[in-house]
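Source file coords_8.txt; content: compact mmCIF, C-alpha atoms.
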# COMPACT_ATOMS: atom_id res chain seq x y z
CA MET V 238 4.91 16.53 158.98
CA ASN V 239 1.46 16.93 157.46
CA ILE V 240 2.41 15.15 154.25
CA PRO V 241 -0.83 13.89 152.63
CA ARG V 242 -1.31 10.21 151.99
CA THR V 243 -1.35 9.16 148.36
CA SER V 244 -1.52 6.05 146.23
CA TYR V 245 1.69 7.17 144.55
CA PRO V 246 5.03 5.76 145.78
CA ARG V 247 6.62 8.14 148.29
CA ILE V 248 10.24 9.04 147.59
CA VAL V 249 12.01 10.86 150.42
CA ILE V 250 15.16 12.82 149.53
CA ILE V 251 17.49 13.97 152.30
CA GLY V 252 19.50 16.98 151.16
CA GLY V 253 18.91 19.91 148.81
CA GLY V 254 22.37 20.07 147.26
CA PHE V 255 23.30 19.44 143.64
CA ALA V 256 22.36 15.75 143.78
CA GLY V 257 19.09 16.16 145.66
CA ILE V 258 17.83 19.02 143.48
CA SER V 259 18.79 17.23 140.26
CA LEU V 260 16.91 14.13 141.39
CA ALA V 261 13.83 16.10 142.47
CA LYS V 262 13.72 17.87 139.11
CA LYS V 263 13.97 14.56 137.29
CA LEU V 264 11.06 13.13 139.28
CA SER V 265 8.88 16.19 138.77
CA LYS V 266 5.61 15.68 136.92
CA GLN V 267 5.89 11.92 137.42
CA GLU V 268 3.36 9.77 139.25
CA VAL V 269 5.33 9.75 142.48
CA GLN V 270 5.21 11.77 145.69
CA VAL V 271 8.51 13.51 146.39
CA VAL V 272 9.39 14.81 149.88
CA LEU V 273 12.65 16.74 150.20
CA LEU V 274 14.12 17.34 153.66
CA ASP V 275 16.91 19.82 154.39
CA LYS V 276 18.09 21.84 157.39
CA HIS V 277 18.20 24.95 155.17
CA ASN V 278 15.38 26.24 152.99
CA TYR V 279 17.77 27.13 150.19
CA HIS V 280 20.17 25.49 147.77
CA THR V 281 23.76 26.75 148.05
CA PHE V 282 26.06 27.09 145.05
CA GLN V 283 29.11 25.99 147.01
CA PRO V 284 31.81 26.67 144.36
CA LEU V 285 31.34 30.42 144.97
CA LEU V 286 31.31 30.39 148.77
CA TYR V 287 34.86 31.74 148.82
CA GLN V 288 33.64 34.90 147.06
CA VAL V 289 31.12 35.47 149.85
CA SER V 290 33.94 35.04 152.38
CA THR V 291 36.09 37.64 150.62
CA GLY V 292 33.39 40.23 149.97
CA GLY V 293 33.01 39.65 146.25
CA LEU V 294 29.39 38.50 146.45
CA GLU V 295 26.48 38.72 148.85
CA PRO V 296 25.11 35.35 150.04
CA ASP V 297 21.71 35.74 148.38
CA SER V 298 23.37 35.72 144.96
CA ILE V 299 24.59 32.13 145.39
CA ALA V 300 21.58 30.78 147.29
CA TYR V 301 18.16 29.95 145.91
CA PRO V 302 14.94 28.95 147.76
CA ILE V 303 14.28 25.23 147.39
CA ARG V 304 10.53 25.77 147.31
CA LYS V 305 10.93 28.21 144.43
CA ILE V 306 13.04 25.76 142.44
CA LEU V 307 10.30 23.15 142.58
CA LYS V 308 7.19 25.30 143.08
CA ASP V 309 5.46 24.24 139.84
CA PHE V 310 5.92 20.51 140.38
CA PRO V 311 2.84 18.51 141.49
CA ASN V 312 3.15 16.09 144.40
CA PHE V 313 6.30 17.79 145.69
CA TYR V 314 6.71 18.71 149.37
CA PHE V 315 9.58 20.40 151.18
CA ARG V 316 10.09 20.34 154.93
CA LEU V 317 12.69 22.30 156.89
CA ALA V 318 14.09 19.57 159.11
CA HIS V 319 17.20 18.05 160.59
CA VAL V 320 17.28 14.29 160.05
CA ASP V 321 18.29 12.55 163.27
CA GLU V 322 18.00 8.89 162.32
CA ILE V 323 16.89 6.45 159.66
CA ASP V 324 14.86 3.45 160.80
CA THR V 325 15.68 0.99 158.03
CA LEU V 326 13.60 -1.84 159.54
CA ASN V 327 10.36 0.16 159.49
CA SER V 328 11.21 2.40 156.49
CA ARG V 329 10.99 5.59 158.55
CA VAL V 330 12.91 8.86 158.62
CA ILE V 331 13.12 10.35 162.12
CA THR V 332 13.63 14.13 162.25
CA ASP V 333 13.38 17.00 164.71
CA ILE V 334 9.89 17.81 163.39
CA GLY V 335 8.49 14.28 163.34
CA GLU V 336 8.68 10.94 161.56
CA LEU V 337 7.89 10.02 157.99
CA LYS V 338 7.39 6.68 156.27
CA PHE V 339 8.97 6.12 152.87
CA ASP V 340 8.72 3.68 150.00
CA TYR V 341 12.07 4.78 148.63
CA LEU V 342 14.77 6.79 150.37
CA VAL V 343 17.61 8.77 148.78
CA ILE V 344 20.50 10.01 150.92
CA ALA V 345 21.91 13.17 149.36
CA SER V 346 23.20 14.71 152.58
CA GLY V 347 26.47 15.78 150.99
CA SER V 348 29.68 16.29 152.93
CA LYS V 349 31.10 18.19 155.86
CA THR V 350 34.54 19.49 156.79
CA ASN V 351 37.02 16.77 157.69
CA TYR V 352 39.35 17.70 160.56
CA PHE V 353 40.85 14.20 160.70
CA GLY V 354 40.01 13.85 164.37
CA ASN V 355 41.82 16.98 165.58
CA GLU V 356 39.30 18.60 167.93
CA THR V 357 41.51 21.57 168.80
CA ILE V 358 41.87 22.57 165.16
CA LYS V 359 38.14 22.06 164.68
CA ALA V 360 37.36 24.38 167.58
CA ASN V 361 39.82 27.16 166.70
CA SER V 362 39.95 27.23 162.90
CA MET V 363 37.48 28.63 160.36
CA ALA V 364 35.64 26.39 157.91
CA MET V 365 33.95 27.49 154.69
CA LYS V 366 31.36 24.82 153.85
CA THR V 367 28.13 26.78 154.36
CA ILE V 368 26.86 30.33 153.88
CA PRO V 369 26.80 31.08 157.64
CA GLN V 370 30.42 29.88 157.91
CA SER V 371 31.42 32.07 154.94
CA LEU V 372 29.77 35.11 156.53
CA ASN V 373 31.60 34.38 159.79
CA LEU V 374 34.88 34.22 157.91
CA ARG V 375 34.15 37.49 156.07
CA SER V 376 33.41 39.25 159.35
CA LEU V 377 36.53 37.85 161.02
CA ILE V 378 38.82 38.90 158.14
CA LEU V 379 37.53 42.47 158.23
CA GLU V 380 37.50 42.61 162.04
CA ASN V 381 41.13 41.51 162.08
CA PHE V 382 42.17 44.58 160.11
CA GLU V 383 40.05 46.83 162.31
CA GLU V 384 41.84 45.40 165.37
CA ALA V 385 45.22 45.69 163.66
CA LEU V 386 44.62 49.45 163.44
CA LEU V 387 44.18 49.69 167.19
CA THR V 388 47.12 47.66 168.49
CA SER V 389 50.60 49.01 169.03
CA ASP V 390 52.01 45.50 169.49
CA LEU V 391 53.81 44.68 166.23
CA ASN V 392 53.63 40.90 166.75
CA GLU V 393 49.89 41.04 167.42
CA ARG V 394 49.37 43.25 164.38
CA ASN V 395 51.24 40.81 162.16
CA SER V 396 49.24 37.92 163.60
CA LEU V 397 45.98 39.70 162.79
CA MET V 398 47.10 40.32 159.21
CA ASN V 399 48.46 36.82 158.59
CA PHE V 400 46.20 34.18 157.03
CA VAL V 401 47.03 30.49 156.93
CA ILE V 402 45.00 28.30 154.58
CA VAL V 403 45.34 24.58 155.15
CA GLY V 404 44.74 22.66 151.93
CA GLY V 405 45.87 23.33 148.39
CA GLY V 406 42.79 22.07 146.58
CA PRO V 407 40.47 24.30 144.51
CA THR V 408 38.90 25.86 147.62
CA GLY V 409 42.23 26.77 149.20
CA VAL V 410 43.75 28.02 145.95
CA GLU V 411 40.75 30.16 145.01
CA LEU V 412 40.50 31.63 148.50
CA ALA V 413 44.22 32.45 148.59
CA GLY V 414 44.00 34.18 145.21
CA ALA V 415 41.02 36.26 146.34
CA LEU V 416 42.76 37.30 149.58
CA ALA V 417 45.88 38.24 147.63
CA GLU V 418 43.84 40.50 145.36
CA ILE V 419 42.22 42.15 148.38
CA LYS V 420 45.66 42.79 149.85
CA LYS V 421 46.85 44.32 146.61
CA GLY V 422 43.90 46.39 145.46
CA ILE V 423 41.53 47.08 148.36
CA LEU V 424 43.32 47.13 151.72
CA PRO V 425 45.64 50.04 150.85
CA LYS V 426 42.57 52.17 150.01
CA ASP V 427 40.50 51.09 153.01
CA TYR V 428 43.35 51.24 155.53
CA PRO V 429 45.79 53.95 154.38
CA ASP V 430 47.07 54.32 157.96
CA LEU V 431 47.97 50.62 158.15
CA ASP V 432 50.98 49.06 156.44
CA THR V 433 49.01 46.32 154.67
CA ARG V 434 52.16 45.21 152.85
CA LEU V 435 52.93 43.26 156.02
CA ALA V 436 49.86 41.05 155.48
CA GLN V 437 50.86 37.48 154.64
CA ILE V 438 48.88 34.71 152.96
CA HIS V 439 50.09 31.13 153.34
CA ILE V 440 48.90 27.87 151.80
CA VAL V 441 49.99 24.75 153.67
CA GLN V 442 49.73 21.58 151.58
CA SER V 443 50.56 18.12 152.90
CA SER V 444 51.46 16.71 149.46
CA ASP V 445 54.11 17.80 146.95
CA CYS V 446 51.75 19.85 144.75
CA ILE V 447 48.62 21.98 144.86
CA LEU V 448 45.46 21.11 142.89
CA LYS V 449 46.43 17.48 143.26
CA GLY V 450 43.48 16.12 141.26
CA MET V 451 44.36 18.20 138.20
CA SER V 452 47.16 17.90 135.65
CA ASP V 453 50.79 18.66 136.51
CA LYS V 454 50.67 21.62 134.14
CA ALA V 455 47.60 23.08 135.85
CA SER V 456 49.19 22.57 139.26
CA GLN V 457 52.43 24.26 138.28
CA LYS V 458 50.70 27.15 136.53
CA ALA V 459 48.42 27.74 139.52
CA GLU V 460 51.49 27.80 141.76
CA ASP V 461 53.15 30.35 139.46
CA PHE V 462 50.03 32.53 139.50
CA LEU V 463 49.83 32.45 143.31
CA GLU V 464 53.50 33.22 143.79
CA LYS V 465 53.18 36.26 141.50
CA LEU V 466 50.32 37.42 143.71
CA GLY V 467 52.58 37.11 146.74
CA VAL V 468 51.10 33.95 148.25
CA ASN V 469 53.50 31.70 150.16
CA ILE V 470 53.08 28.01 149.35
CA TRP V 471 54.43 25.40 151.76
CA LYS V 472 54.38 21.88 150.32
CA ASN V 473 54.98 18.56 152.08
CA VAL V 474 53.97 20.22 155.35
CA ARG V 475 51.14 18.99 157.56
CA VAL V 476 49.46 21.13 160.22
CA THR V 477 49.36 19.29 163.55
CA ASN V 478 47.74 21.82 165.89
CA TYR V 479 46.33 25.33 166.23
CA ASP V 480 45.52 26.92 169.60
CA GLY V 481 43.98 30.09 168.18
CA LYS V 482 47.30 31.92 167.90
CA THR V 483 50.06 29.52 166.89
CA VAL V 484 50.03 26.98 164.06
CA THR V 485 52.37 24.05 164.56
CA THR V 486 53.34 21.59 161.85
CA ASN V 487 55.17 18.28 161.47
CA THR V 488 58.28 20.32 160.61
CA ASP V 489 60.00 23.18 162.41
CA LEU V 490 57.72 25.59 160.54
CA VAL V 491 55.48 27.65 162.87
CA PHE V 492 52.95 30.38 162.00
CA GLU V 493 51.59 33.09 164.25
CA THR V 494 48.10 33.92 163.02
CA ALA V 495 44.69 34.92 164.30
CA THR V 496 43.03 33.18 161.35
CA LEU V 497 43.51 29.59 160.28
CA ILE V 498 41.19 28.58 157.44
CA TRP V 499 40.68 24.84 157.14
CA ALA V 500 40.23 23.66 153.53
CA ALA V 501 42.08 20.37 153.85
CA GLY V 502 39.29 18.02 152.95
CA VAL V 503 35.73 16.87 153.39
CA MET V 504 33.99 13.73 154.57
CA GLY V 505 30.56 12.25 153.99
CA ALA V 506 27.77 13.52 156.24
CA THR V 507 26.40 10.14 157.32
CA ILE V 508 23.18 9.74 159.31
CA LYS V 509 22.50 7.51 162.30
CA GLY V 510 20.96 4.24 161.17
CA LEU V 511 23.06 4.14 158.02
CA ASP V 512 26.46 4.53 159.63
CA ALA V 513 27.38 0.92 160.37
CA ALA V 514 30.99 -0.04 159.65
CA GLU V 515 30.02 -2.39 156.81
CA LEU V 516 28.19 0.44 155.02
CA VAL V 517 30.78 3.19 155.41
CA THR V 518 34.09 3.31 153.59
CA ARG V 519 36.98 5.73 153.13
CA GLY V 520 36.01 9.36 153.55
CA ASN V 521 33.00 8.41 155.70
CA ARG V 522 31.00 7.69 152.54
CA LEU V 523 28.26 5.13 151.97
CA LEU V 524 29.12 2.19 149.74
CA VAL V 525 26.79 2.02 146.74
CA ASN V 526 26.53 -0.27 143.72
CA GLU V 527 26.36 0.73 140.07
CA PHE V 528 22.68 1.68 140.52
CA ASN V 529 23.48 3.91 143.53
CA GLN V 530 21.75 1.51 145.92
CA VAL V 531 23.27 1.50 149.39
CA LYS V 532 24.99 -1.79 150.13
CA GLY V 533 22.46 -4.34 151.37
CA PHE V 534 19.32 -2.31 150.51
CA SER V 535 17.07 -2.32 147.46
CA THR V 536 14.95 0.75 148.30
CA ILE V 537 17.60 3.00 149.87
CA PHE V 538 19.93 4.96 147.58
CA ALA V 539 22.76 7.46 148.00
CA VAL V 540 24.00 10.08 145.53
CA GLY V 541 26.50 12.92 145.52
CA ASP V 542 29.34 13.40 148.00
CA ILE V 543 27.90 10.94 150.51
CA ALA V 544 27.98 8.08 147.96
CA CYS V 545 31.11 6.05 147.23
CA LEU V 546 30.77 4.42 143.83
CA VAL V 547 33.97 2.51 143.09
CA THR V 548 35.04 2.17 139.44
CA GLU V 549 38.24 1.15 137.66
CA GLU V 550 39.04 4.79 136.96
CA PHE V 551 38.09 5.91 140.48
CA PRO V 552 39.05 3.12 142.92
CA ASP V 553 38.43 5.45 145.89
CA GLY V 554 35.02 6.51 144.61
CA LEU V 555 33.91 9.30 142.32
CA PRO V 556 35.29 12.78 143.09
CA MET V 557 33.30 14.79 145.62
CA MET V 558 32.36 17.54 143.19
CA ALA V 559 29.23 19.01 141.63
CA GLN V 560 29.32 17.15 138.31
CA PRO V 561 29.18 13.58 139.67
CA ALA V 562 26.38 14.67 142.03
CA ILE V 563 24.32 16.23 139.24
CA GLN V 564 24.78 13.25 136.93
CA GLN V 565 23.97 10.73 139.68
CA GLY V 566 20.83 12.62 140.63
CA GLU V 567 19.58 12.80 137.06
CA GLN V 568 20.18 9.14 136.28
CA LEU V 569 18.76 7.94 139.58
CA GLY V 570 15.53 9.72 138.69
CA ASP V 571 15.26 7.59 135.55
CA ASN V 572 16.27 4.43 137.42
CA MET V 573 13.71 4.94 140.19
CA LEU V 574 10.92 5.21 137.64
CA ARG V 575 12.19 2.04 135.99
CA LEU V 576 12.32 0.31 139.38
CA ILE V 577 8.73 1.36 140.18
CA GLU V 578 7.61 0.04 136.78
CA GLU V 579 9.52 -3.20 137.50
CA LYS V 580 11.93 -2.62 134.64
CA PRO V 581 15.69 -3.30 134.89
CA MET V 582 17.75 -0.32 136.01
CA LYS V 583 20.69 1.03 134.04
CA PRO V 584 24.14 1.21 135.66
CA PHE V 585 25.51 4.67 136.30
CA VAL V 586 28.44 5.75 134.11
CA TYR V 587 30.21 8.96 135.07
CA LYS V 588 31.10 11.31 132.22
CA ASP V 589 34.11 13.26 133.38
CA LYS V 590 33.76 16.83 132.07
CA GLY V 591 37.04 18.01 133.54
CA ALA V 592 38.09 20.29 136.38
CA MET V 593 38.93 23.95 136.79
CA ALA V 594 40.03 26.53 139.34
CA THR V 595 40.47 30.29 139.30
CA ILE V 596 43.36 32.01 141.00
CA GLY V 597 42.20 35.57 140.45
CA ARG V 598 41.81 38.29 137.89
CA ASN V 599 42.57 36.87 134.40
CA LYS V 600 44.09 33.79 136.02
CA ALA V 601 42.58 30.30 135.93
CA VAL V 602 43.43 26.73 134.98
CA VAL V 603 41.13 24.35 133.10
CA ASP V 604 41.60 20.63 132.49
CA LEU V 605 39.24 19.14 129.92
CA LYS V 606 39.42 15.57 128.72
CA HIS V 607 41.38 16.35 125.56
CA PHE V 608 42.38 19.96 126.10
CA LYS V 609 44.17 21.76 128.92
CA PHE V 610 44.72 25.51 129.05
CA GLN V 611 45.54 28.29 131.51
CA GLY V 612 45.38 32.05 131.74
CA ILE V 613 42.77 34.58 130.67
CA PHE V 614 40.84 32.26 128.31
CA ALA V 615 40.59 29.69 131.09
CA TRP V 616 39.32 32.46 133.35
CA TYR V 617 36.52 33.29 130.90
CA VAL V 618 35.61 29.60 130.62
CA TRP V 619 35.56 29.30 134.42
CA MET V 620 33.18 32.28 134.69
CA TYR V 621 30.87 31.00 131.96
CA VAL V 622 30.58 27.51 133.49
CA HIS V 623 29.85 28.86 136.97
CA LEU V 624 27.24 31.30 135.69
CA PHE V 625 25.61 28.52 133.67
CA PHE V 626 25.19 26.21 136.66
CA LEU V 627 23.86 28.90 139.02
CA ILE V 628 20.16 28.43 139.69
CA GLY V 629 17.88 31.35 138.83
CA PHE V 630 18.08 34.14 136.25
CA ARG V 631 18.35 36.81 138.94
CA ASN V 632 21.31 35.09 140.58
CA ARG V 633 23.11 34.79 137.26
CA MET V 634 22.56 38.47 136.50
CA VAL V 635 23.57 39.64 139.98
CA VAL V 636 26.76 37.57 139.95
CA PHE V 637 27.63 38.65 136.41
CA ILE V 638 27.09 42.36 137.20
CA ASN V 639 29.15 42.03 140.38
CA TRP V 640 31.97 40.38 138.47
CA VAL V 641 31.96 43.08 135.78
CA TYR V 642 31.86 45.85 138.38
CA ASN V 643 34.62 44.28 140.45
CA TYR V 644 36.75 43.79 137.34
CA ILE V 645 36.38 47.38 136.13
CA ARG V 646 36.67 49.06 139.52
CA PHE V 647 38.99 46.52 141.15
CA ASP V 648 36.64 46.62 144.12
CA ARG V 649 34.56 44.33 146.37
CA GLU V 650 31.45 46.14 147.56
CA ALA V 651 30.31 43.37 149.91
CA ARG V 652 33.13 43.86 152.42
CA LEU V 653 30.63 44.49 155.20
CA ILE V 654 30.61 43.36 158.80
CA ILE V 655 26.89 42.59 158.95
CA ARG V 656 27.15 40.51 162.10
CA PRO V 657 30.33 40.63 164.20
CA TYR V 658 31.99 37.28 164.82
CA LYS V 659 34.12 36.42 167.82
CA LYS V 660 36.01 33.18 168.05
CA LYS V 661 35.71 31.16 171.23
CA LEU V 662 39.13 29.64 171.58
CA LYS V 663 39.62 26.16 172.97
CA ARG V 664 43.03 25.37 174.39
Encoded form using structure tokens:
Amino acid sequence: MNIPRTSYPRIVIIGGGFAGISLAKKLSKQEVQVVLLDKHNYHTFQPLLYQVSTGGLEPDSIAYPIRKILKDFPNFYFRLAHVDEIDTLNSRVITDIGELKFDYLVIASGSKTNYFGNETIKANSMAMKTIPQSLNLRSLILENFEEALLTSDLNERNSLMNFVIVGGGPTGVELAGALAEIKKGILPKDYPDLDTRLAQIHIVQSSDCILKGMSDKASQKAEDFLEKLGVNIWKNVRVTNYDGKTVTTNTDLVFETATLIWAAGVMGATIKGLDAAELVTRGNRLLVNEFNQVKGFSTIFAVGDIACLVTEEFPDGLPMMAQPAIQQGEQLGDNMLRLIEEKPMKPFVYKDKGAMATIGRNKAVVDLKHFKFQGIFAWYVWMYVHLFFLIGFRNRMVVFINWVYNYIRFDREARLIIRPYKKKLKR
């Protein structure tokens, strides 16, 4: 990998998400050598991926080059690589571009879409976990309406204009709200010769409420907002199969759709060598102690979505969201310096800053520790928080200007089919 040798301890970080970047920043300007490995050369602001999928934003406004984030930090190296295996016995990381020895290793590989073992759904549905996946979804949505114009088969036309979203968490709710606004404000102008009123948006949720991790009030208000936008919400229904045309469930409910969007959950993105049964727990996450050390190792750590830190408040591990990842990354930076200096490490304590979700124009729900609110004020708070955590002044300005323009004009300029996408169906 052409990483120079140094007398400083070498810390290898796998993953350039919220946790990995926060840790790298914390270790900057310290007497350590930091090597960050990622299969992309950019950091993705995942909470806004749904806006890329629905034409509200271009991908470069929510992505930022990793090298640029850390360009002024001495002893920092980035390599574009896919990590194949971790050799824990010899303290080596094995990648597609070579091997690298480490003194300390931090797994911040994040999460991936969880299909719960259903390979047919995995093959035929659309995920929205990365920028390429979001661009594929954007192209497919727009291509569906182009095809709907050309068919005289009413059933096929309805199928092309029907969208089924599996999962009523923040991702599913925000995506459904965005699609509903497109149906209301954009499709009639773009396709005047198509009866876009026939377009249907469905959320299928396996539990008895949407936004399950938030308060009952937030859940109910979000449901009210979605229903006013014309979204159909099906609770206590579990999708069992999708062959590319027909969605079957554990009830007698069946959907005919050309687009099934899977937002039903995520799982840890484990790596070979650290995937033994005794290390991995629920959600395919690595068991860590209060110092974020992987079970059984003193020099290997895990932070972010991949790490399962069990506490009294969170018996299944901390939530797989940005805030725990950022906080874990920052504190681990302090702890690693203490470990190198042979000082006792401090246990990690998660400070829950709340949760939020937007449903659309002037509609959002916010749950803070001592204050819960919904509506237009919550929408402003949601926008401010997301702008604040975006990396880069340009990105913040571009997103803000896009939001203002879209709000005033009720438009989404990025509804472009840059690269056509064709699904390869698996029966």
Shortest interatomic distance to Ile358 (chain V) - which of V:Val403, V:Leu627, V:Leu574, V:Val468, counting all atoms listed in the file: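 For Ile358 (chain V), the nearest of the given residues is V:Val403.
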| request: Could you tell me which of V:Arg394, V:Lys600, V:Ala592, V:Leu273 comes closest to Leu260 (chain V) if we count only C-alpha atoms? | output: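 Of V:Arg394, V:Lys600, V:Ala592, V:Leu273, the one nearest Leu260 (chain V) is V:Leu273, counting only C-alpha atoms.
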Next item on the list: List every protein, DNA or RNA residue that has an atom no more than 12 Å from (30.5, 12.9, 131.0) in the file's coordinate frame, counting only C-alpha atoms, and report them as a VMD selection string.
Entry: chain V and resid 560 to 565 585 to 592 605 to 606
Here is a test: counting only C-alpha atoms, which residue of V:Val547, V:Ile344, V:Leu274, V:Leu466 is nearest to Asp512 (chain V)?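 Smallest separation from Asp512 (chain V) among the options: V:Ile344.
In this structure, CA of Thr494 (chain V) sits 23.4 Å away from CA of Ile368 (chain V).
Checking V:Gln270, V:Thr367, V:Thr496, V:Asn599 one by one against Phe339 (chain V), counting only C-alpha atoms, you find the shortest gap at V:Gln270.
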Using all atoms listed in the file, the shortest atom-to-atom distance to Ala455 (chain V) among V:Gly520, V:Pro556, V:Gly612, V:Gly414 belongs to V:Gly612
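Taking CA of Asn487 (chain V) and CA of Arg475 (chain V) as the two end points, the separation is 5.7 Å.
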